[in-house]
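> Contents of run37.cif (mmCIF, C-alpha atoms and all ligand atoms) are given next:
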data_entry
loop_
_atom_site.label_atom_id
_atom_site.label_comp_id
_atom_site.auth_asym_id
_atom_site.auth_seq_id
_atom_site.Cartn_x
_atom_site.Cartn_y
_atom_site.Cartn_z
CA MET A 1 84.68 -31.68 -20.14
CA PRO A 2 83.88 -35.16 -18.75
CA ALA A 3 84.22 -38.03 -21.22
CA ASP A 4 80.53 -38.93 -20.92
CA TYR A 5 79.62 -35.68 -22.70
CA ARG A 6 80.84 -37.27 -25.91
CA SER A 7 78.34 -40.13 -25.66
CA SER A 8 75.41 -37.98 -26.76
CA PRO A 9 74.96 -37.49 -30.50
CA VAL A 10 72.04 -35.08 -29.90
CA ARG A 11 72.17 -31.79 -31.80
CA ARG A 12 68.67 -30.52 -31.19
CA VAL A 13 65.96 -31.00 -28.59
CA VAL A 14 62.24 -30.66 -29.32
CA LEU A 15 60.47 -30.07 -26.02
CA VAL A 16 56.68 -30.24 -25.71
CA VAL A 17 54.84 -29.11 -22.58
CA LEU A 18 51.46 -30.81 -22.29
CA ASP A 19 49.95 -28.39 -19.79
CA GLY A 20 47.88 -30.07 -17.08
CA LEU A 21 48.11 -33.61 -18.48
CA ARG A 22 47.66 -36.08 -15.62
CA PRO A 23 49.46 -39.40 -16.17
CA ASP A 24 46.28 -41.42 -15.59
CA ALA A 25 44.53 -39.46 -18.36
CA ILE A 26 46.76 -41.22 -20.90
CA SER A 27 45.03 -44.60 -20.51
CA ARG A 28 41.63 -43.21 -19.46
CA PHE A 29 41.24 -41.16 -22.64
CA HIS A 30 43.18 -43.53 -24.93
CA LEU A 31 45.90 -41.03 -25.77
CA HIS A 32 47.56 -43.41 -28.23
CA ARG A 33 50.28 -41.09 -29.44
CA VAL A 34 51.41 -40.10 -25.94
CA ALA A 35 51.30 -43.77 -24.90
CA SER A 36 53.33 -44.88 -27.91
CA LEU A 37 55.94 -42.17 -27.34
CA ALA A 38 56.22 -43.39 -23.72
CA ARG A 39 56.56 -47.01 -24.88
CA ARG A 40 59.18 -46.42 -27.54
CA GLY A 41 61.21 -44.06 -25.39
CA ALA A 42 62.47 -43.63 -21.86
CA SER A 43 59.56 -42.56 -19.70
CA THR A 44 57.95 -42.31 -16.32
CA PHE A 45 54.41 -41.53 -15.24
CA ARG A 46 55.61 -40.92 -11.67
CA ALA A 47 57.75 -37.82 -12.03
CA GLN A 48 57.21 -34.80 -9.78
CA THR A 49 56.82 -31.16 -10.72
CA VAL A 50 58.08 -28.22 -8.68
CA THR A 51 56.29 -26.60 -5.71
CA PRO A 52 53.85 -24.90 -6.05
CA SER A 53 52.53 -27.05 -8.89
CA ILE A 54 51.51 -24.17 -11.14
CA THR A 55 52.45 -23.30 -14.70
CA PRO A 56 54.48 -20.06 -14.28
CA CYS A 57 56.60 -21.72 -11.63
CA ALA A 58 57.14 -24.94 -13.60
CA MET A 59 57.85 -23.11 -16.87
CA ALA A 60 60.39 -20.86 -15.16
CA SER A 61 62.14 -23.96 -13.78
CA LEU A 62 62.11 -25.62 -17.21
CA LEU A 63 63.52 -22.50 -18.86
CA THR A 64 66.20 -21.81 -16.24
CA GLY A 65 66.95 -25.15 -14.57
CA ALA A 66 66.57 -23.37 -11.23
CA ALA A 67 64.34 -24.24 -8.29
CA PRO A 68 61.41 -21.86 -7.65
CA GLU A 69 63.16 -20.50 -4.53
CA ARG A 70 65.95 -19.35 -6.83
CA HIS A 71 64.11 -18.08 -9.95
CA GLY A 72 61.52 -16.31 -7.79
CA ILE A 73 58.30 -17.15 -9.69
CA GLN A 74 56.16 -18.79 -7.05
CA SER A 75 52.65 -17.56 -7.79
CA GLU A 76 50.19 -17.33 -10.70
CA HIS A 77 50.80 -13.59 -10.75
CA PHE A 78 52.35 -12.81 -14.14
CA HIS A 79 55.34 -10.57 -13.44
CA ILE A 80 58.96 -9.92 -14.22
CA PRO A 81 60.80 -12.18 -11.76
CA ARG A 82 63.26 -11.04 -9.12
CA PRO A 83 65.63 -13.97 -8.82
CA ARG A 84 67.26 -14.77 -5.49
CA GLY A 85 70.73 -15.59 -6.69
CA PRO A 86 72.16 -16.02 -10.19
CA VAL A 87 69.99 -17.82 -12.76
CA HIS A 88 71.21 -19.06 -16.10
CA PRO A 89 68.36 -19.31 -18.63
CA ILE A 90 68.82 -22.35 -20.82
CA ALA A 91 68.48 -20.29 -24.02
CA LYS A 92 71.39 -18.08 -22.91
CA GLU A 93 73.54 -21.13 -22.13
CA LEU A 94 72.78 -22.43 -25.63
CA ALA A 95 73.52 -19.04 -27.17
CA LYS A 96 77.03 -19.16 -25.66
CA HIS A 97 77.55 -22.15 -27.96
CA SER A 98 75.86 -20.44 -30.91
CA LEU A 99 72.80 -22.68 -30.56
CA PRO A 100 69.31 -21.20 -31.16
CA ALA A 101 66.31 -21.62 -28.82
CA SER A 102 62.77 -21.12 -30.13
CA PHE A 103 59.56 -21.04 -28.13
CA PHE A 104 56.00 -21.45 -29.44
CA MET A 105 52.90 -20.96 -27.31
CA PRO A 106 49.24 -19.99 -27.78
CA ARG A 107 48.35 -16.35 -28.31
CA VAL A 108 48.66 -14.31 -25.11
CA PRO A 109 46.08 -11.61 -24.22
CA PHE A 110 46.83 -8.24 -25.80
CA LEU A 111 47.68 -6.53 -22.50
CA MET A 112 50.25 -9.17 -21.65
CA ARG A 113 52.11 -9.11 -24.97
CA GLY A 114 54.60 -6.46 -23.86
CA ILE A 115 55.58 -8.32 -20.72
CA ALA A 116 55.72 -11.66 -22.61
CA ALA A 117 58.13 -10.12 -25.12
CA ARG A 118 60.28 -8.71 -22.28
CA ILE A 119 60.41 -12.10 -20.56
CA SER A 120 61.38 -13.81 -23.83
CA THR A 121 64.25 -11.31 -24.21
CA MET A 122 65.36 -11.88 -20.60
CA LEU A 123 65.35 -15.61 -21.26
CA GLY A 124 67.52 -15.17 -24.34
CA LEU A 125 65.12 -16.85 -26.80
CA SER A 126 66.18 -16.48 -30.42
CA GLU A 127 62.57 -16.88 -31.60
CA PHE A 128 59.38 -16.33 -29.60
CA ARG A 129 56.00 -16.84 -31.21
CA ASN A 130 52.58 -16.72 -29.55
CA GLN A 131 50.16 -17.71 -32.23
CA GLY A 132 47.08 -19.88 -32.50
CA ASN A 133 45.03 -21.32 -29.68
CA GLU A 134 44.73 -25.10 -29.80
CA ALA A 135 47.71 -27.48 -29.82
CA GLY A 136 47.48 -28.12 -33.56
CA GLU A 137 47.56 -24.39 -34.29
CA VAL A 138 50.64 -23.81 -32.13
CA LEU A 139 52.26 -26.75 -33.92
CA ALA A 140 51.35 -25.21 -37.29
CA ALA A 141 53.10 -21.98 -36.24
CA ALA A 142 56.22 -24.00 -35.39
CA ARG A 143 56.25 -26.10 -38.58
CA SER A 144 58.76 -24.17 -40.61
CA THR A 145 61.13 -23.88 -37.62
CA LEU A 146 60.82 -27.64 -37.02
CA GLU A 147 61.89 -28.17 -40.62
CA SER A 148 64.71 -25.64 -40.71
CA GLN A 149 66.19 -25.50 -37.19
CA ARG A 150 68.35 -28.61 -36.87
CA ARG A 151 70.31 -27.51 -33.79
CA GLY A 152 69.56 -26.17 -30.33
CA LEU A 153 66.13 -26.16 -28.68
CA ILE A 154 62.59 -25.91 -30.04
CA MET A 155 59.96 -25.66 -27.34
CA LEU A 156 56.17 -25.90 -27.73
CA HIS A 157 53.65 -25.20 -24.99
CA TRP A 158 50.12 -26.61 -25.40
CA LEU A 159 47.41 -25.48 -22.99
CA ASP A 160 44.31 -27.42 -24.11
CA ALA A 161 43.98 -29.88 -21.21
CA ASP A 162 44.72 -27.30 -18.52
CA ARG A 163 42.10 -24.89 -19.82
CA ALA A 164 39.44 -27.62 -19.99
CA GLY A 165 40.44 -28.76 -16.49
CA HIS A 166 39.89 -25.29 -15.07
CA ASP A 167 36.58 -24.87 -16.91
CA HIS A 168 35.06 -28.34 -16.47
CA GLY A 169 37.20 -30.25 -13.99
CA TRP A 170 40.13 -32.63 -14.41
CA MET A 171 39.12 -35.95 -16.02
CA SER A 172 35.77 -34.51 -17.18
CA PRO A 173 34.64 -35.46 -20.71
CA GLU A 174 35.64 -31.96 -21.89
CA TYR A 175 39.09 -32.46 -20.38
CA GLY A 176 39.34 -35.78 -22.22
CA ILE A 177 38.50 -34.11 -25.54
CA ALA A 178 41.12 -31.41 -24.96
CA ALA A 179 43.73 -34.00 -23.97
CA ALA A 180 42.92 -35.92 -27.17
CA ARG A 181 43.62 -32.74 -29.18
CA MET A 182 47.08 -32.56 -27.60
CA ASP A 183 47.51 -36.27 -28.37
CA ASP A 184 46.69 -35.68 -32.06
CA ALA A 185 49.13 -32.77 -32.23
CA LEU A 186 51.84 -34.85 -30.56
CA GLY A 187 51.24 -37.52 -33.21
CA GLU A 188 51.62 -34.93 -35.95
CA LEU A 189 54.80 -33.65 -34.34
CA THR A 190 56.39 -37.07 -33.95
CA ASP A 191 55.45 -37.89 -37.56
CA ALA A 192 57.20 -34.68 -38.65
CA VAL A 193 60.47 -35.41 -36.83
CA ASP A 194 62.36 -38.64 -37.45
CA LEU A 195 62.31 -40.55 -34.15
CA ASN A 196 65.07 -42.84 -35.41
CA ASP A 197 67.39 -39.90 -35.90
CA PRO A 198 69.96 -39.88 -33.06
CA THR A 199 70.62 -36.16 -33.54
CA THR A 200 67.06 -35.20 -32.48
CA LEU A 201 65.82 -35.71 -28.94
CA VAL A 202 62.08 -35.31 -28.32
CA ILE A 203 60.97 -34.65 -24.75
CA ALA A 204 57.29 -34.41 -23.81
CA LEU A 205 56.11 -33.72 -20.29
CA ALA A 206 53.36 -32.13 -18.24
CA ASP A 207 54.00 -29.13 -16.01
CA HIS A 208 51.51 -30.31 -13.36
CA GLY A 209 48.48 -32.58 -12.94
CA GLY A 210 45.15 -31.42 -11.54
CA GLY A 211 41.95 -32.29 -9.74
CA GLY A 212 43.78 -33.40 -6.60
CA GLY A 213 43.16 -30.67 -4.01
CA THR A 214 40.09 -29.36 -5.84
CA LEU A 215 38.42 -30.58 -9.02
CA LYS A 216 39.21 -27.50 -11.11
CA HIS A 217 42.72 -26.63 -9.96
CA HIS A 218 46.19 -28.08 -9.48
CA ASP A 219 47.98 -25.93 -6.91
CA SER A 220 47.83 -28.28 -3.91
CA SER A 221 50.45 -30.78 -2.73
CA HIS A 222 48.08 -33.68 -3.57
CA PRO A 223 49.89 -36.32 -5.67
CA LEU A 224 47.29 -35.93 -8.44
CA ASP A 225 48.37 -32.29 -8.73
CA THR A 226 52.13 -32.83 -8.46
CA THR A 227 52.68 -36.07 -10.42
CA ILE A 228 53.56 -35.69 -14.10
CA PRO A 229 54.49 -37.86 -17.07
CA ILE A 230 57.93 -37.33 -18.64
CA MET A 231 58.87 -39.01 -21.95
CA LEU A 232 62.14 -38.92 -23.91
CA ALA A 233 62.37 -40.35 -27.42
CA GLY A 234 64.65 -40.23 -30.42
CA GLY A 235 67.40 -42.29 -31.98
CA ALA A 236 69.77 -41.70 -29.05
CA ILE A 237 67.26 -42.94 -26.47
CA MET A 238 67.00 -46.44 -25.09
CA PRO A 239 63.46 -47.61 -24.21
CA CYS A 240 63.26 -47.85 -20.41
CA ASP A 241 61.15 -47.03 -17.39
CA LEU A 242 62.69 -44.06 -15.64
CA GLY A 243 60.70 -44.97 -12.51
CA ALA A 244 60.20 -42.76 -9.47
CA GLY A 245 62.54 -40.06 -8.23
CA VAL A 246 62.50 -38.06 -11.48
CA SER A 247 61.79 -34.31 -11.29
CA LEU A 248 60.73 -31.70 -13.82
CA THR A 249 64.02 -29.96 -13.03
CA ASP A 250 65.89 -32.99 -14.42
CA VAL A 251 64.62 -31.99 -17.88
CA PRO A 252 66.66 -28.78 -18.36
CA ALA A 253 69.70 -30.57 -16.88
CA THR A 254 69.17 -33.38 -19.41
CA ILE A 255 68.85 -30.92 -22.31
CA LEU A 256 72.20 -29.29 -21.52
CA TRP A 257 73.85 -32.67 -20.98
CA ALA A 258 72.47 -34.06 -24.25
CA LEU A 259 73.76 -31.03 -26.15
CA GLY A 260 77.18 -31.35 -24.50
CA ILE A 261 76.93 -28.11 -22.53
CA ALA A 262 78.20 -27.90 -18.95
CA ARG A 263 75.54 -27.15 -16.31
CA PRO A 264 75.71 -23.97 -14.27
CA GLU A 265 75.55 -24.47 -10.50
CA SER A 266 71.99 -23.07 -10.41
CA TYR A 267 70.65 -26.14 -12.25
CA VAL A 268 69.20 -28.30 -9.48
CA GLY A 269 68.21 -31.33 -11.57
CA ARG A 270 70.33 -34.28 -12.70
CA PRO A 271 70.64 -35.36 -16.32
CA LEU A 272 68.64 -38.52 -17.07
CA MET A 273 71.69 -40.24 -18.53
CA GLN A 274 70.17 -43.68 -18.05
CA ALA A 275 67.78 -42.84 -20.91
CA PHE A 276 70.60 -42.67 -23.43
CA ALA A 277 71.87 -45.69 -25.33
CA LYS A 278 75.50 -46.40 -24.61
CA LEU A 279 77.45 -45.52 -27.71
CA PRO A 280 81.01 -46.55 -28.39
CA MET A 281 83.33 -43.73 -27.40
CA ALA A 282 85.22 -42.05 -30.17
CA ALA A 283 88.89 -42.91 -29.96
ZN ZN A 301 46.34 -24.23 -14.81
#
Starting from the file, lay out its structure as structure tokens.
Ligand SMILES: [Zn+2]

Amino acid sequence: MPADYRSSPVRRVVLVVLDGLRPDAISRFHLHRVASLARRGASTFRAQTVTPSITPCAMASLLTGAAPERHGIQSEHFHIPRPRGPVHPIAKELAKHSLPASFFMPRVPFLMRGIAARISTMLGLSEFRNQGNEAGEVLAAARSTLESQRRGLIMLHWLDADRAGHDHGWMSPEYGIAAARMDDALGELTDAVDLNDPTTLVIALADHGGGGGTLKHHDSSHPLDTTIPIMLAGGAIMPCDLGAGVSLTDVPATILWALGIARPESYVGRPLMQAFAKLPMAA
């Protein structure tokens, strides 16, 4: 294992997906908690999601580290993927090191619960909960896990802004209200975890933007659809601007790196090592 693996004291990663949150919504709608996480951590508002810029595709890349061409989810159609080549779900990589991976998302429609449970098993998640609707409710469902699970990965997926974007248009007043709900929940979450603790790494990001190609969608190659904010915070993180050239696929690579786990070849991203404070190497 390369020596630089020792420089990360991180033992658990709390990952929050702010579905459909455009970077420019953060200042427009005064999302104070998102803005303060970006300021105190390593962040960029110029990162790029995968192509096509849709949730199933981006979530599959986050959960496997693989490009869409590899994991095979390239449409909104909810299905069991047929990967083109080996994929190594992040939860399974963690499990090899006896680390748990939990996933919390809003309630899925009744008819989709079976397939959602099958996908969670395929991904190797140790806990999968779909409960609640708004961001705060999903957070409430994750509370006890946030308190008790001190190692591995805890992932939360909040859909508020995306849903309002589809119903009313990106950057509409309704979208702003929904984004503010996610902001409140992010504040609650960052109050609940100690951001000075070097063993916890908090990562918040969007899976896509919206309102670029058309007002109520996000599946075009327009920069407003593809550009996302990515923020890393926690005691191990050094405040810095991560700038351009960062991809959503760098997030799963960073999670494995931070936890000291070697990356399978199917992980296309690079770890964002520049976000981590240089710590003296153990002798
Ligand atoms: Zn959407």
> Taking all atoms listed in the file into account, which residues are within 12 Å of ligand ZN 301 (chain A), as an mmCIF file with C-alpha atoms, in the frame of the given file?

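Everything below was put into part12.cif:
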data_model
loop_
_atom_site.group_PDB
_atom_site.id
_atom_site.type_symbol
_atom_site.label_atom_id
_atom_site.label_comp_id
_atom_site.auth_asym_id
_atom_site.auth_seq_id
_atom_site.Cartn_x
_atom_site.Cartn_y
_atom_site.Cartn_z
ATOM 1 C CA LEU A 18 51.460 -30.810 -22.290
ATOM 2 C CA ASP A 19 49.950 -28.390 -19.790
ATOM 3 C CA GLY A 20 47.880 -30.070 -17.080
ATOM 4 C CA LEU A 21 48.110 -33.610 -18.480
ATOM 5 C CA ARG A 22 47.660 -36.080 -15.620
ATOM 6 C CA PRO A 52 53.850 -24.900 -6.050
ATOM 7 C CA SER A 53 52.530 -27.050 -8.890
ATOM 8 C CA ILE A 54 51.510 -24.170 -11.140
ATOM 9 C CA THR A 55 52.450 -23.300 -14.700
ATOM 10 C CA PRO A 56 54.480 -20.060 -14.280
ATOM 11 C CA CYS A 57 56.600 -21.720 -11.630
ATOM 12 C CA ALA A 58 57.140 -24.940 -13.600
ATOM 13 C CA MET A 59 57.850 -23.110 -16.870
ATOM 14 C CA SER A 75 52.650 -17.560 -7.790
ATOM 15 C CA GLU A 76 50.190 -17.330 -10.700
ATOM 16 C CA TRP A 158 50.120 -26.610 -25.400
ATOM 17 C CA LEU A 159 47.410 -25.480 -22.990
ATOM 18 C CA ASP A 160 44.310 -27.420 -24.110
ATOM 19 C CA ALA A 161 43.980 -29.880 -21.210
ATOM 20 C CA ASP A 162 44.720 -27.300 -18.520
ATOM 21 C CA ARG A 163 42.100 -24.890 -19.820
ATOM 22 C CA ALA A 164 39.440 -27.620 -19.990
ATOM 23 C CA GLY A 165 40.440 -28.760 -16.490
ATOM 24 C CA HIS A 166 39.890 -25.290 -15.070
ATOM 25 C CA ASP A 167 36.580 -24.870 -16.910
ATOM 26 C CA GLY A 169 37.200 -30.250 -13.990
ATOM 27 C CA TRP A 170 40.130 -32.630 -14.410
ATOM 28 C CA ALA A 206 53.360 -32.130 -18.240
ATOM 29 C CA ASP A 207 54.000 -29.130 -16.010
ATOM 30 C CA HIS A 208 51.510 -30.310 -13.360
ATOM 31 C CA GLY A 209 48.480 -32.580 -12.940
ATOM 32 C CA GLY A 210 45.150 -31.420 -11.540
ATOM 33 C CA GLY A 211 41.950 -32.290 -9.740
ATOM 34 C CA LEU A 215 38.420 -30.580 -9.020
ATOM 35 C CA LYS A 216 39.210 -27.500 -11.110
ATOM 36 C CA HIS A 217 42.720 -26.630 -9.960
ATOM 37 C CA HIS A 218 46.190 -28.080 -9.480
ATOM 38 C CA ASP A 219 47.980 -25.930 -6.910
ATOM 39 C CA SER A 220 47.830 -28.280 -3.910
ATOM 40 C CA ASP A 225 48.370 -32.290 -8.730
#
> To one decimal in Å, tell me the separation between CA of Leu156 (chain A) and CA of Met171 (chain A).
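If I compute the distance from CA of Leu156 (chain A) to CA of Met171 (chain A), I get 23.0 Å.
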> Rounded to one decimal place, report the CA of Ala275 (chain A)-CA of Ala95 (chain A) distance in Å.
25.3 Å
> Point out the residue among A:Pro223, A:Pro86, A:Pro9, A:Pro81 with the least atom-to-atom distance to Thr51 (chain A), counting only C-alpha atoms.
A:Pro223
> Could you give me, as a PDB file with C-alpha atoms, in the frame of the given file, the residues that sit within 10 Å of (49.5, -32.5, -31.1) in the file's coordinates, counting all atoms listed in the file?

ATOM      1  CA  VAL A  16      56.680 -30.240 -25.710  1.00  0.00           C
ATOM      2  CA  LEU A  18      51.460 -30.810 -22.290  1.00  0.00           C
ATOM      3  CA  ARG A  33      50.280 -41.090 -29.440  1.00  0.00           C
ATOM      4  CA  VAL A  34      51.410 -40.100 -25.940  1.00  0.00           C
ATOM      5  CA  GLU A 134      44.730 -25.100 -29.800  1.00  0.00           C
ATOM      6  CA  ALA A 135      47.710 -27.480 -29.820  1.00  0.00           C
ATOM      7  CA  GLY A 136      47.480 -28.120 -33.560  1.00  0.00           C
ATOM      8  CA  GLU A 137      47.560 -24.390 -34.290  1.00  0.00           C
ATOM      9  CA  VAL A 138      50.640 -23.810 -32.130  1.00  0.00           C
ATOM     10  CA  LEU A 139      52.260 -26.750 -33.920  1.00  0.00           C
ATOM     11  CA  ALA A 140      51.350 -25.210 -37.290  1.00  0.00           C
ATOM     12  CA  LEU A 156      56.170 -25.900 -27.730  1.00  0.00           C
ATOM     13  CA  TRP A 158      50.120 -26.610 -25.400  1.00  0.00           C
ATOM     14  CA  ALA A 179      43.730 -34.000 -23.970  1.00  0.00           C
ATOM     15  CA  ALA A 180      42.920 -35.920 -27.170  1.00  0.00           C
ATOM     16  CA  ARG A 181      43.620 -32.740 -29.180  1.00  0.00           C
ATOM     17  CA  MET A 182      47.080 -32.560 -27.600  1.00  0.00           C
ATOM     18  CA  ASP A 183      47.510 -36.270 -28.370  1.00  0.00           C
ATOM     19  CA  ASP A 184      46.690 -35.680 -32.060  1.00  0.00           C
ATOM     20  CA  ALA A 185      49.130 -32.770 -32.230  1.00  0.00           C
ATOM     21  CA  LEU A 186      51.840 -34.850 -30.560  1.00  0.00           C
ATOM     22  CA  GLY A 187      51.240 -37.520 -33.210  1.00  0.00           C
ATOM     23  CA  GLU A 188      51.620 -34.930 -35.950  1.00  0.00           C
ATOM     24  CA  LEU A 189      54.800 -33.650 -34.340  1.00  0.00           C
ATOM     25  CA  THR A 190      56.390 -37.070 -33.950  1.00  0.00           C
TER      26      THR A 190
END
> Just checking: using all atoms listed in the file, which residue out of A:Met112, A:Ala60, A:Leu94, A:Leu205 ends up closest to Val251 (chain A)?
A:Leu205
> Set the distance at 9 Å and use all atoms listed in the file: which residues neighbour region 38-41 of chain A once local chain neighbours fewer than 4 positions away are removed? I'd like the list as a list in words.
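In the requested form, the answer reads Arg33, Val34, Phe45, Pro229, Ile230, Met231, Leu232, Ala233, Gly234, Ile237, Met238, Pro239, Cys240, Asp241 and Ala275 of chain A.
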> Would you pick out the contacts of Ala101 (chain A) at 9 Å or less, using all atoms listed in the file, so that residues sharing its chain but fewer than 6 positions from it are not included, and give the list as a list in words?
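Contacts, with the query itself left out: Ile90, Ala91, Lys92, Leu94, Ala95, Gly124, Leu125, Ser126, Glu127, Phe128, Arg151, Gly152, Leu153, Ile154 and Met155 of chain A.
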> Enumerate, as number ranges by chain, the protein, DNA and RNA residues whose atoms approach (66.2, -13.5, -13.0) to within 8 Å, taking into account only C-alpha atoms and the coordinate frame of the file.
A: 71-72, 81-84, 86-87, 122
